[in-house]
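Reproduced below: work12.tsv, with TSV, C-alpha atoms.
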chain	number	residue	atom	x	y	z
A	1	MET	CA	89.22	141.63	86.55
A	2	ALA	CA	87.86	139.23	89.17
A	3	HIS	CA	87.28	135.58	88.38
A	4	PRO	CA	84.63	133.61	90.29
A	5	ALA	CA	86.18	130.61	92.07
A	6	PRO	CA	83.28	128.29	92.96
A	7	LEU	CA	85.36	125.24	93.87
A	8	GLN	CA	87.57	127.18	96.26
A	9	SER	CA	84.55	128.83	97.87
A	10	PHE	CA	82.68	125.53	98.17
A	11	LEU	CA	85.61	123.75	99.84
A	12	GLY	CA	86.18	126.77	102.06
A	13	GLY	CA	82.51	126.60	103.00
A	14	LEU	CA	82.88	122.94	103.88
A	15	SER	CA	85.88	123.82	106.05
A	16	ILE	CA	84.31	126.69	107.99
A	17	PRO	CA	81.82	124.70	110.14
A	18	ILE	CA	84.55	122.41	111.46
A	19	PRO	CA	86.37	124.92	113.74
A	20	VAL	CA	83.01	126.52	114.56
A	21	HIS	CA	81.67	123.18	115.82
A	22	ALA	CA	84.97	122.31	117.48
A	23	LEU	CA	84.74	125.40	119.69
A	24	THR	CA	81.16	124.46	120.55
A	25	LEU	CA	82.18	120.96	121.66
A	26	LEU	CA	85.31	122.09	123.49
A	27	ASN	CA	84.09	125.24	125.26
A	28	GLY	CA	80.33	125.38	124.70
A	29	ASN	CA	80.71	128.71	122.89
A	30	VAL	CA	79.48	130.16	119.63
A	31	PHE	CA	82.24	131.14	117.22
A	32	GLY	CA	81.21	134.81	117.15
A	33	ILE	CA	84.11	136.98	116.01
A	34	SER	CA	82.47	140.30	116.79
A	35	GLY	CA	82.04	138.95	120.32
A	36	PHE	CA	85.74	138.06	120.41
A	37	CYS	CA	86.60	141.65	119.49
A	38	HIS	CA	84.21	143.33	121.91
A	39	ARG	CA	85.26	141.07	124.80
A	40	ALA	CA	88.97	141.36	124.01
A	41	VAL	CA	88.79	145.16	124.29
A	42	LYS	CA	87.42	144.72	127.80
A	43	GLY	CA	90.29	142.42	128.79
A	44	ASN	CA	88.61	139.04	128.35
A	45	VAL	CA	91.43	136.51	127.87
A	46	GLU	CA	89.39	134.06	125.82
A	47	GLY	CA	88.33	136.86	123.48
A	48	MET	CA	91.97	137.91	123.16
A	49	ALA	CA	92.93	134.34	122.28
A	50	GLY	CA	90.31	134.24	119.53
A	51	VAL	CA	91.53	137.54	118.08
A	52	ALA	CA	95.17	136.42	118.29
A	53	GLY	CA	94.37	133.17	116.47
A	54	LEU	CA	92.72	135.02	113.60
A	55	VAL	CA	95.61	137.47	113.30
A	56	LEU	CA	98.12	134.61	113.35
A	57	GLY	CA	96.04	132.85	110.72
A	58	GLY	CA	96.36	135.98	108.61
A	59	SER	CA	100.11	135.87	109.03
A	60	LEU	CA	100.11	132.30	107.74
A	61	VAL	CA	98.06	133.48	104.76
A	62	ALA	CA	100.75	136.06	104.01
A	63	LEU	CA	103.40	133.37	104.04
A	64	ILE	CA	101.33	131.13	101.77
A	65	GLU	CA	100.32	133.85	99.33
A	66	GLY	CA	103.63	135.72	99.47
A	67	LYS	CA	101.92	139.11	99.33
A	68	ALA	CA	99.79	141.57	101.28
A	69	PRO	CA	96.02	141.89	100.86
A	70	VAL	CA	94.87	144.26	98.15
A	71	ALA	CA	94.45	147.82	99.39
A	72	LEU	CA	90.90	149.16	99.57
A	73	SER	CA	90.22	151.76	96.90
A	74	LEU	CA	88.04	153.75	99.28
A	75	PRO	CA	88.44	157.08	101.09
A	76	ILE	CA	89.73	156.71	104.63
A	77	ALA	CA	86.58	158.36	105.97
A	78	GLN	CA	84.44	155.68	104.30
A	79	VAL	CA	86.65	152.92	105.67
A	80	ALA	CA	86.35	154.34	109.19
A	81	LEU	CA	82.59	154.83	108.90
A	82	SER	CA	82.20	151.24	107.70
A	83	GLY	CA	84.09	149.90	110.70
A	84	PHE	CA	82.17	152.12	113.10
A	85	LEU	CA	78.78	151.02	111.76
A	86	VAL	CA	79.75	147.33	111.81
A	87	GLY	CA	80.98	147.67	115.40
A	88	LEU	CA	77.85	149.49	116.50
A	89	GLY	CA	75.52	147.15	114.63
A	90	THR	CA	77.09	143.94	115.86
A	91	LYS	CA	77.02	145.11	119.46
A	92	LEU	CA	73.38	146.16	119.26
A	93	SER	CA	72.22	142.95	117.58
A	94	ASN	CA	74.76	140.67	119.27
A	95	GLY	CA	76.40	139.13	116.25
A	96	CYS	CA	77.97	139.37	112.81
A	97	THR	CA	78.67	136.96	109.98
A	98	SER	CA	80.61	133.88	111.14
A	99	GLY	CA	79.52	131.43	113.79
A	100	TYR	CA	76.17	133.10	114.40
A	101	VAL	CA	74.92	132.85	110.84
A	102	LEU	CA	75.68	129.13	110.84
A	103	LEU	CA	74.08	128.78	114.25
A	104	ALA	CA	70.92	130.49	113.05
A	105	PHE	CA	70.54	127.99	110.22
A	106	PHE	CA	71.54	124.79	111.93
A	107	ARG	CA	69.28	125.50	114.88
A	108	PHE	CA	66.40	125.98	112.41
A	109	ILE	CA	65.38	129.13	114.24
A	110	ALA	CA	63.87	131.72	111.96
A	111	ASN	CA	63.74	134.41	114.63
A	112	HIS	CA	67.22	133.92	116.05
A	113	SER	CA	68.30	137.03	117.95
A	114	HIS	CA	71.40	137.89	115.97
A	115	SER	CA	71.94	140.19	113.05
A	116	ASP	CA	73.03	137.38	110.73
A	117	THR	CA	69.47	136.28	110.06
A	118	TRP	CA	68.75	139.81	108.88
A	119	PHE	CA	71.95	141.15	107.37
A	120	VAL	CA	71.13	140.21	103.76
A	121	ASP	CA	68.40	142.81	103.42
A	122	TYR	CA	67.52	145.61	101.07
A	123	ARG	CA	69.93	148.04	102.71
A	124	VAL	CA	72.98	145.89	101.98
A	125	TYR	CA	72.14	145.63	98.31
A	126	ARG	CA	71.17	149.26	98.08
A	127	TYR	CA	74.44	150.57	99.49
A	128	ALA	CA	76.48	148.07	97.50
A	129	HIS	CA	74.86	149.37	94.31
A	130	LEU	CA	75.20	153.02	95.27
A	131	LEU	CA	78.85	152.83	96.27
A	132	HIS	CA	80.22	150.07	94.08
A	133	GLY	CA	77.97	149.89	91.05
A	134	ASP	CA	80.85	150.87	88.77
A	135	LEU	CA	82.83	147.67	89.33
A	136	PRO	CA	83.98	145.99	86.08
A	137	ALA	CA	82.46	142.78	84.78
A	138	VAL	CA	83.77	139.52	86.19
A	139	GLY	CA	85.90	137.21	84.10
A	140	ALA	CA	85.62	133.52	83.32
A	141	PHE	CA	84.97	131.01	86.10
A	142	ASP	CA	88.00	129.39	87.68
A	143	TRP	CA	86.99	125.83	88.56
A	144	THR	CA	90.41	124.91	89.99
A	145	LEU	CA	91.82	125.09	93.49
A	146	GLY	CA	94.24	127.72	92.33
A	147	PRO	CA	97.92	127.80	93.28
A	148	THR	CA	97.30	127.84	97.05
A	149	GLY	CA	93.96	126.10	97.65
A	150	ALA	CA	95.46	122.70	98.42
A	151	LYS	CA	97.82	124.30	100.94
A	152	TYR	CA	94.93	125.87	102.86
A	153	LEU	CA	93.21	122.51	103.04
A	154	ALA	CA	96.36	120.76	104.21
A	155	TYR	CA	97.43	123.36	106.78
A	156	GLN	CA	94.04	123.20	108.47
A	157	LEU	CA	94.90	119.69	109.61
A	158	LEU	CA	97.38	121.04	112.19
A	159	PRO	CA	94.92	123.12	114.27
A	160	LEU	CA	92.29	120.43	113.72
A	161	ALA	CA	94.65	117.88	115.28
A	162	ALA	CA	95.15	120.27	118.19
A	163	SER	CA	91.37	120.41	118.69
A	164	PHE	CA	91.17	116.62	118.73
A	165	LEU	CA	93.96	116.51	121.31
A	166	LEU	CA	92.22	119.10	123.49
A	167	TYR	CA	88.97	117.16	123.28
A	168	THR	CA	90.72	113.93	124.32
A	169	VAL	CA	92.52	115.63	127.21
A	170	GLY	CA	89.33	117.31	128.37
A	171	ARG	CA	87.38	114.05	128.39
A	172	ARG	CA	90.12	112.25	130.30
A	173	LEU	CA	90.28	115.02	132.87
A	174	LYS	CA	86.52	114.83	133.24
A	175	VAL	CA	86.61	111.06	133.78
A	176	ARG	CA	89.47	111.35	136.26
A	177	ASN	CA	87.78	114.15	138.20
A	178	GLY	CA	84.56	112.17	138.21
A	179	ALA	CA	86.38	109.16	139.66
A	180	VAL	CA	88.02	111.32	142.33
A	181	ASN	CA	84.71	112.91	143.25
A	182	SER	CA	83.03	109.50	143.31
A	183	ASP	CA	85.72	108.13	145.65
A	184	ALA	CA	85.44	111.16	147.88
A	185	SER	CA	81.69	110.74	147.95
A	186	SER	CA	82.03	107.06	148.88
A	187	LYS	CA	84.25	107.96	151.81
A	188	SER	CA	81.74	110.59	152.84
A	189	VAL	CA	78.95	108.00	152.72
A	190	ALA	CA	81.00	105.56	154.79
A	191	HIS	CA	81.78	108.24	157.34
A	192	SER	CA	78.13	109.22	157.44
A	193	GLU	CA	77.06	105.64	158.05
A	194	GLU	CA	79.63	105.27	160.81
A	195	THR	CA	78.44	108.46	162.43
A	196	THR	CA	74.83	107.30	162.15
A	197	THR	CA	75.70	104.03	163.91
A	198	LEU	CA	77.50	105.83	166.73
A	199	LEU	CA	74.67	108.31	167.24
A	200	SER	CA	71.76	105.95	166.73
A	201	SER	CA	71.34	105.49	170.47
A	202	ASP	CA	70.82	109.22	170.90
A	203	PRO	CA	67.15	110.04	170.27
A	204	THR	CA	67.99	113.74	169.76
A	205	SER	CA	70.50	113.07	166.99
A	206	ASP	CA	69.62	114.33	163.46
A	207	THR	CA	71.21	112.38	160.62
A	208	ASN	CA	71.32	113.50	156.98
A	209	ASP	CA	71.16	111.55	153.71
A	210	ALA	CA	74.46	110.66	152.09
A	211	THR	CA	75.76	113.16	149.61
A	212	LYS	CA	75.41	112.13	145.96
A	213	PRO	CA	78.55	111.91	143.83
A	214	ASN	CA	79.52	115.20	142.18
A	215	TYR	CA	80.76	114.84	138.60
A	216	HIS	CA	81.03	118.55	137.87
A	217	HIS	CA	84.13	119.32	135.80
A	218	GLU	CA	85.60	122.73	136.57
A	219	PRO	CA	86.70	124.80	133.58
A	220	GLN	CA	90.31	124.22	132.59
A	221	SER	CA	91.12	127.85	131.80
A	222	PRO	CA	94.44	127.34	129.96
A	223	LEU	CA	92.90	124.63	127.79
A	224	ARG	CA	89.84	126.74	127.02
A	225	ILE	CA	92.06	129.63	125.99
A	226	LEU	CA	94.09	127.34	123.76
A	227	ALA	CA	90.86	126.06	122.18
A	228	PHE	CA	89.86	129.60	121.23
A	229	PHE	CA	93.28	130.15	119.71
A	230	THR	CA	93.59	126.93	117.70
A	231	THR	CA	90.06	126.99	116.31
A	232	SER	CA	90.56	130.62	115.27
A	233	VAL	CA	93.71	129.75	113.33
A	234	GLN	CA	91.85	126.99	111.52
A	235	PHE	CA	88.90	129.29	110.86
A	236	ALA	CA	91.20	131.91	109.34
A	237	LEU	CA	92.64	129.42	106.84
A	238	ALA	CA	89.15	128.19	105.92
A	239	LEU	CA	87.82	131.72	105.49
A	240	GLN	CA	90.72	132.65	103.23
A	241	LEU	CA	90.07	129.61	101.04
A	242	SER	CA	86.38	130.51	100.80
A	243	GLY	CA	87.08	133.98	99.42
A	244	LEU	CA	85.21	135.82	102.17
A	245	THR	CA	88.37	137.75	103.10
A	246	ASP	CA	88.34	139.49	99.71
A	247	PRO	CA	86.22	142.67	99.99
A	248	ILE	CA	85.78	142.95	96.22
A	249	ARG	CA	84.42	139.41	96.02
A	250	VAL	CA	82.00	140.17	98.86
A	251	ILE	CA	80.77	143.40	97.28
A	252	SER	CA	80.48	141.74	93.87
A	253	PHE	CA	78.26	139.08	95.44
A	254	LEU	CA	76.05	141.75	97.01
A	255	LEU	CA	75.44	143.41	93.65
A	256	LEU	CA	72.95	140.66	92.64
A	257	PRO	CA	72.98	138.59	89.42
A	258	LEU	CA	71.66	141.33	87.14
A	259	HIS	CA	74.84	143.37	87.59
A	260	LYS	CA	77.77	142.72	85.27
A	261	ALA	CA	80.17	142.53	88.24
A	262	PHE	CA	78.14	139.92	90.12
A	263	ASP	CA	80.35	137.14	91.52
A	264	PRO	CA	78.39	134.04	92.65
A	265	SER	CA	81.32	132.44	94.50
A	266	LEU	CA	79.91	133.07	97.96
A	267	ALA	CA	76.73	131.22	97.05
A	268	PHE	CA	78.93	128.14	96.67
A	269	LEU	CA	80.40	128.92	100.10
A	270	ALA	CA	76.91	128.79	101.60
A	271	ALA	CA	76.15	125.58	99.71
A	272	GLY	CA	79.15	123.95	101.35
A	273	ALA	CA	78.83	125.44	104.83
A	274	LEU	CA	75.16	125.31	105.73
A	275	PRO	CA	74.29	121.61	105.21
A	276	LEU	CA	77.41	120.47	107.05
A	277	ALA	CA	76.83	122.92	109.88
A	278	MET	CA	73.25	121.76	110.28
A	279	GLY	CA	74.32	118.13	110.37
A	280	LEU	CA	77.11	118.71	112.87
A	281	TYR	CA	74.92	120.60	115.29
A	282	ARG	CA	71.88	118.38	114.94
A	283	TYR	CA	73.69	115.06	115.26
A	284	GLY	CA	77.10	115.88	116.73
A	285	ARG	CA	76.65	118.08	119.75
A	286	GLY	CA	76.57	115.22	122.24
A	287	ASN	CA	75.11	115.87	125.69
A	288	GLU	CA	75.75	119.62	125.52
A	289	THR	CA	78.54	119.45	128.09
A	290	PRO	CA	81.74	121.28	127.05
A	291	ALA	CA	84.75	118.96	127.02
A	292	LEU	CA	86.97	121.60	128.63
A	293	GLY	CA	84.54	122.67	131.31
A	294	GLY	CA	82.33	125.69	131.70
A	295	LYS	CA	78.69	126.15	130.82
A	296	TRP	CA	76.98	125.35	127.53
A	297	GLY	CA	76.64	128.85	126.10
A	298	ILE	CA	74.73	128.30	122.86
A	299	PRO	CA	71.97	130.94	122.88
A	300	LYS	CA	68.31	130.19	122.38
A	301	GLY	CA	65.99	132.03	120.04
A	302	GLY	CA	64.78	135.41	121.22
A	303	PRO	CA	62.34	138.15	120.34
A	304	ILE	CA	62.68	140.28	117.23
A	305	ASP	CA	62.73	143.74	118.75
A	306	LEU	CA	63.67	147.24	117.68
A	307	LYS	CA	67.22	146.88	118.99
A	308	LEU	CA	67.81	143.78	116.88
A	309	LEU	CA	66.37	145.32	113.73
A	310	THR	CA	68.25	148.58	114.21
A	311	GLY	CA	71.55	146.82	114.85
A	312	ALA	CA	71.06	144.54	111.86
A	313	ALA	CA	70.32	147.49	109.57
A	314	ILE	CA	73.36	149.41	110.82
A	315	PHE	CA	75.57	146.37	110.35
A	316	GLY	CA	74.20	145.83	106.85
A	317	VAL	CA	75.00	149.38	105.81
A	318	GLY	CA	78.54	149.19	107.22
A	319	TRP	CA	79.21	145.81	105.60
A	320	GLY	CA	77.92	146.96	102.23
A	321	MET	CA	80.10	150.08	102.34
A	322	ALA	CA	83.44	148.25	102.33
A	323	GLY	CA	82.74	144.52	102.12
A	324	ILE	CA	84.50	143.90	105.43
A	325	CYS	CA	83.32	142.32	108.67
A	326	PRO	CA	85.31	141.46	111.83
A	327	GLY	CA	86.70	138.05	110.84
A	328	PRO	CA	88.13	139.00	107.45
A	329	SER	CA	89.46	142.27	108.87
A	330	LEU	CA	91.52	140.49	111.55
A	331	ILE	CA	92.82	137.95	109.05
A	332	ASN	CA	93.76	140.65	106.56
A	333	PHE	CA	95.36	142.68	109.35
A	334	GLY	CA	97.65	139.79	110.27
A	335	ARG	CA	98.40	139.24	106.60
A	336	ALA	CA	99.19	142.93	106.05
A	337	LEU	CA	101.46	143.12	109.11
A	338	THR	CA	103.44	140.08	108.02
A	339	ALA	CA	103.71	141.22	104.41
A	340	GLY	CA	104.58	144.77	105.46
A	341	ALA	CA	101.98	146.60	103.38
A	342	ASN	CA	98.41	147.96	103.46
A	343	ALA	CA	97.99	147.54	107.22
A	344	SER	CA	97.00	151.15	107.99
A	345	GLN	CA	93.57	150.97	106.31
A	346	ILE	CA	92.64	147.80	108.14
A	347	ALA	CA	93.93	149.21	111.44
A	348	ILE	CA	91.67	152.24	110.98
A	349	TRP	CA	88.71	149.97	110.23
A	350	LEU	CA	89.40	147.87	113.35
A	351	ALA	CA	89.83	150.94	115.55
A	352	ALA	CA	86.50	152.25	114.29
A	353	LEU	CA	84.93	148.82	114.94
A	354	VAL	CA	86.07	149.02	118.56
A	355	GLY	CA	84.75	152.57	118.86
A	356	GLY	CA	81.35	151.57	117.54
A	357	GLY	CA	81.17	148.65	119.94
A	358	LEU	CA	82.07	150.83	122.92
A	359	LEU	CA	79.44	153.38	121.99
A	360	ALA	CA	76.61	150.82	121.90
Could you write out this file's structure as structure tokens?
Amino acid sequence: MAHPAPLQSFLGGLSIPIPVHALTLLNGNVFGISGFCHRAVKGNVEGMAGVAGLVLGGSLVALIEGKAPVALSLPIAQVALSGFLVGLGTKLSNGCTSGYVLLAFFRFIANHSHSDTWFVDYRVYRYAHLLHGDLPAVGAFDWTLGPTGAKYLAYQLLPLAASFLLYTVGRRLKVRNGAVNSDASSKSVAHSEETTTLLSSDPTSDTNDATKPNYHHEPQSPLRILAFFTTSVQFALALQLSGLTDPIRVISFLLLPLHKAFDPSLAFLAAGALPLAMGLYRYGRGNETPALGGKWGIPKGGPIDLKLLTGAAIFGVGWGMAGICPGPSLINFGRALTAGANASQIAIWLAALVGGGLLA
């Protein structure tokens, strides 16, 4: 019997926007885990770092919990189909639940071009009811942090400190590079003036304006990769605390309040995550210049087209089938590998996810 854990989910929700926003400030990227997966398969190092951080976070969860994730009580074919549909849907609609859903809300964009603004639709509820309507009633509410909640909060401080350090290093490098470029520009101006003086007697000479200082900060690739890794570890710990890594809790939430098995915990997650995410993005994004170099890659709103709607629907069906999406699957995979049990199901789901993404 499942027990709703609103306090754990709320504090987990408060924790989730922090690594999401940290990656935005450090690298100018959205914390999109489906994107990590799809890019990692194609050899993108930053995507690989994000995936590795989530898997390592899952390993830490195994050490904290002292056990493997609960095995899915689903046929292997259904597990594989769920992963395939999630992979196909996220690739078509360019997103899944994680950084994108927060981005959609804290940008106040109703027509954001990612599946997260559409995934809670009729199809999700319908398939959750059809496939999991026989779940037992939930038990009494657990208003405590549980035996491990405080540990998840405390252990997040380590990767958070790493993000602060990366931000400080990146800003110092930017200032230093700006000073170097400014000095080089000053020398160029002096040389230009000297050349102008020497050639001023020549009526055929053509002088140019002095070059303006260049303060562009080239991407620090190793630091950017480390930022993906550290924020992913922190995100994994926050997601575990929130309860979103538990497929039964996810499915129970999708069953709606009229069902006896309905678990409202994830509503408390949203209550914690969304206001903080909105505030961080609205008031804490600075001048939209990544601290570790590179371009500001936060997407703008886009059209609602057939591809978006189709991808969102496919994702919704796959998510409702098993209660798993890319982030929780990677965390549970790391947890299962470390604990030495129940890894095969998750590996099949992840392989199917990759297959669906490659097909799109």
Separation of atom CA of A:Gly170 from atom CA of A:Gly294 in Å: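 Pair atom CA of A:Gly294 / atom CA of A:Gly170 returns 11.4 Å.
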Contact residues around A:Ala49 with all atoms listed in the file at 8 Å, ignoring same-chain residues under 4 positions, as a PyMOL selection string: chain A and resi 45+53+225-226+228-229
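Once stretch 82-92 of chain A and its same-chain neighbours fewer than 4 positions away are set aside, A:Ser34, A:Gln78, A:Cys96, A:Ser115, A:Lys307, A:Leu308, A:Gly311, A:Ala312, A:Ile314, A:Phe315, A:Gly318, A:Trp319, A:Met321, A:Ala322, A:Cys325, A:Trp349, A:Leu350, A:Ala352, A:Leu353, A:Val354, A:Gly355, A:Gly356, A:Gly357, A:Leu359, A:Ala360 remain within 7 Å of it when counting all atoms listed in the file.
Taking atom CA of A:Pro222 and atom CA of A:Leu157 as the two end points, the separation is 21.7 Å.
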Let me know the centre plus edge lengths, in Å and rounded to one decimal, of a box with edges along x, y and z that contains all listed atoms of stretch 236-244 of chain A and is padded by 6 Å on every side, as JSON.
{"center_x": 88.9, "center_y": 132.0, "center_z": 104.4, "size_x": 19.4, "size_y": 19.6, "size_z": 21.9}
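The coordinates place atom CA of A:Ala267 at 14.4 Å from atom CA of A:Trp143.
The nearest approach to A:Leu135 among the residues A:Gln240, A:Gln345, A:Thr231, A:Ser73, with all atoms listed in the file taken into account, belongs to A:Ser73.
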Spatial neighbours of stretch 58-69 of chain A, 7 Å, only C-alpha atoms, chain gap at least 3 places, as a ChimeraX atom specification: /A:54-55,236,331-336,338-339,341-342
Is it possible to get the residues within 12 Å of (91.2, 131.4, 103.1) (coordinates as in the file, counting only C-alpha atoms) written as a compact mmCIF listing (two decimals) with C-alpha atoms, in the frame of the given file?
# COMPACT_ATOMS: atom_id res chain seq x y z
CA GLN A 8 87.57 127.18 96.26
CA SER A 9 84.55 128.83 97.87
CA PHE A 10 82.68 125.53 98.17
CA LEU A 11 85.61 123.75 99.84
CA GLY A 12 86.18 126.77 102.06
CA GLY A 13 82.51 126.60 103.00
CA LEU A 14 82.88 122.94 103.88
CA SER A 15 85.88 123.82 106.05
CA ILE A 16 84.31 126.69 107.99
CA LEU A 54 92.72 135.02 113.60
CA GLY A 57 96.04 132.85 110.72
CA GLY A 58 96.36 135.98 108.61
CA SER A 59 100.11 135.87 109.03
CA LEU A 60 100.11 132.30 107.74
CA VAL A 61 98.06 133.48 104.76
CA ALA A 62 100.75 136.06 104.01
CA ILE A 64 101.33 131.13 101.77
CA GLU A 65 100.32 133.85 99.33
CA PRO A 69 96.02 141.89 100.86
CA LEU A 145 91.82 125.09 93.49
CA GLY A 146 94.24 127.72 92.33
CA THR A 148 97.30 127.84 97.05
CA GLY A 149 93.96 126.10 97.65
CA ALA A 150 95.46 122.70 98.42
CA LYS A 151 97.82 124.30 100.94
CA TYR A 152 94.93 125.87 102.86
CA LEU A 153 93.21 122.51 103.04
CA ALA A 154 96.36 120.76 104.21
CA TYR A 155 97.43 123.36 106.78
CA GLN A 156 94.04 123.20 108.47
CA VAL A 233 93.71 129.75 113.33
CA GLN A 234 91.85 126.99 111.52
CA PHE A 235 88.90 129.29 110.86
CA ALA A 236 91.20 131.91 109.34
CA LEU A 237 92.64 129.42 106.84
CA ALA A 238 89.15 128.19 105.92
CA LEU A 239 87.82 131.72 105.49
CA GLN A 240 90.72 132.65 103.23
CA LEU A 241 90.07 129.61 101.04
CA SER A 242 86.38 130.51 100.80
CA GLY A 243 87.08 133.98 99.42
CA LEU A 244 85.21 135.82 102.17
CA THR A 245 88.37 137.75 103.10
CA ASP A 246 88.34 139.49 99.71
CA LEU A 269 80.40 128.92 100.10
CA GLY A 327 86.70 138.05 110.84
CA PRO A 328 88.13 139.00 107.45
CA ILE A 331 92.82 137.95 109.05
CA ASN A 332 93.76 140.65 106.56
CA ARG A 335 98.40 139.24 106.60
Spatial neighbours of A:Asn44, max dist 12 Å, all atoms listed in the file, sep filter under 5 positions, as an MDAnalysis selection string: chainID A and resid 35:39 49:51 221 225 228
Which polymer residues, protein or nucleic acid, are no farther than 6 Å from (83.3, 140.4, 87.5), counting only C-alpha atoms, as a short mmCIF file (atom, residue, chain, number, x, y, z; two decimals) with C-alpha atoms, in the frame of the given file?
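Saved the output as part_8.cif:
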data_model
loop_
_atom_site.label_atom_id
_atom_site.label_comp_id
_atom_site.auth_asym_id
_atom_site.auth_seq_id
_atom_site.Cartn_x
_atom_site.Cartn_y
_atom_site.Cartn_z
CA ALA A 2 87.86 139.23 89.17
CA PRO A 136 83.98 145.99 86.08
CA ALA A 137 82.46 142.78 84.78
CA VAL A 138 83.77 139.52 86.19
CA GLY A 139 85.90 137.21 84.10
CA ALA A 261 80.17 142.53 88.24
CA PHE A 262 78.14 139.92 90.12
CA ASP A 263 80.35 137.14 91.52
#
Counting all atoms listed in the file, the residue of A:Asn27, A:His3, A:Leu266, A:Thr230 that sits nearest A:Arg285: A:Asn27
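Nearest to A:Gly320 of all the residues A:Pro6, A:Pro275, A:Pro247, A:Gly47 is A:Pro247, based on all atoms listed in the file.
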With N, CA, C and O atoms as the goal, would you fill in the gaps in stretch 248-259 of chain A and present it as a CSV table (one decimal), in the frame of the given file?
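Ended up saving to result37.csv:
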chain,number,residue,atom,x,y,z
A,248,ILE,N,86.4,142.8,97.6
A,248,ILE,CA,85.8,143.0,96.2
A,248,ILE,C,84.9,141.8,95.9
A,248,ILE,O,83.8,141.9,95.3
A,249,ARG,N,85.3,140.6,96.3
A,249,ARG,CA,84.4,139.4,96.0
A,249,ARG,C,83.1,139.5,96.8
A,249,ARG,O,82.0,139.1,96.3
A,250,VAL,N,83.2,140.0,98.0
A,250,VAL,CA,82.0,140.2,98.9
A,250,VAL,C,81.1,141.2,98.2
A,250,VAL,O,79.9,140.9,98.1
A,251,ILE,N,81.6,142.3,97.9
A,251,ILE,CA,80.8,143.4,97.3
A,251,ILE,C,80.2,142.9,95.9
A,251,ILE,O,79.0,143.2,95.6
A,252,SER,N,81.0,142.2,95.2
A,252,SER,CA,80.5,141.7,93.9
A,252,SER,C,79.3,140.7,94.1
A,252,SER,O,78.4,140.7,93.2
A,253,PHE,N,79.4,140.0,95.1
A,253,PHE,CA,78.3,139.1,95.4
A,253,PHE,C,77.0,139.9,95.8
A,253,PHE,O,75.9,139.5,95.5
A,254,LEU,N,77.2,141.0,96.5
A,254,LEU,CA,76.0,141.8,97.0
A,254,LEU,C,75.4,142.6,95.9
A,254,LEU,O,74.3,143.1,96.1
A,255,LEU,N,76.0,142.6,94.7
A,255,LEU,CA,75.4,143.4,93.6
A,255,LEU,C,74.3,142.7,92.9
A,255,LEU,O,73.6,143.3,92.1
A,256,LEU,N,74.0,141.5,93.2
A,256,LEU,CA,73.0,140.7,92.6
A,256,LEU,C,73.2,140.2,91.2
A,256,LEU,O,74.0,140.9,90.5
A,257,PRO,N,72.6,139.2,90.7
A,257,PRO,CA,73.0,138.6,89.4
A,257,PRO,C,72.8,139.5,88.2
A,257,PRO,O,73.4,139.3,87.2
A,258,LEU,N,71.9,140.5,88.3
A,258,LEU,CA,71.7,141.3,87.1
A,258,LEU,C,72.8,142.3,86.8
A,258,LEU,O,72.9,142.8,85.7
A,259,HIS,N,73.7,142.5,87.8
A,259,HIS,CA,74.8,143.4,87.6
A,259,HIS,C,76.0,142.6,86.9
A,259,HIS,O,76.2,141.5,87.2
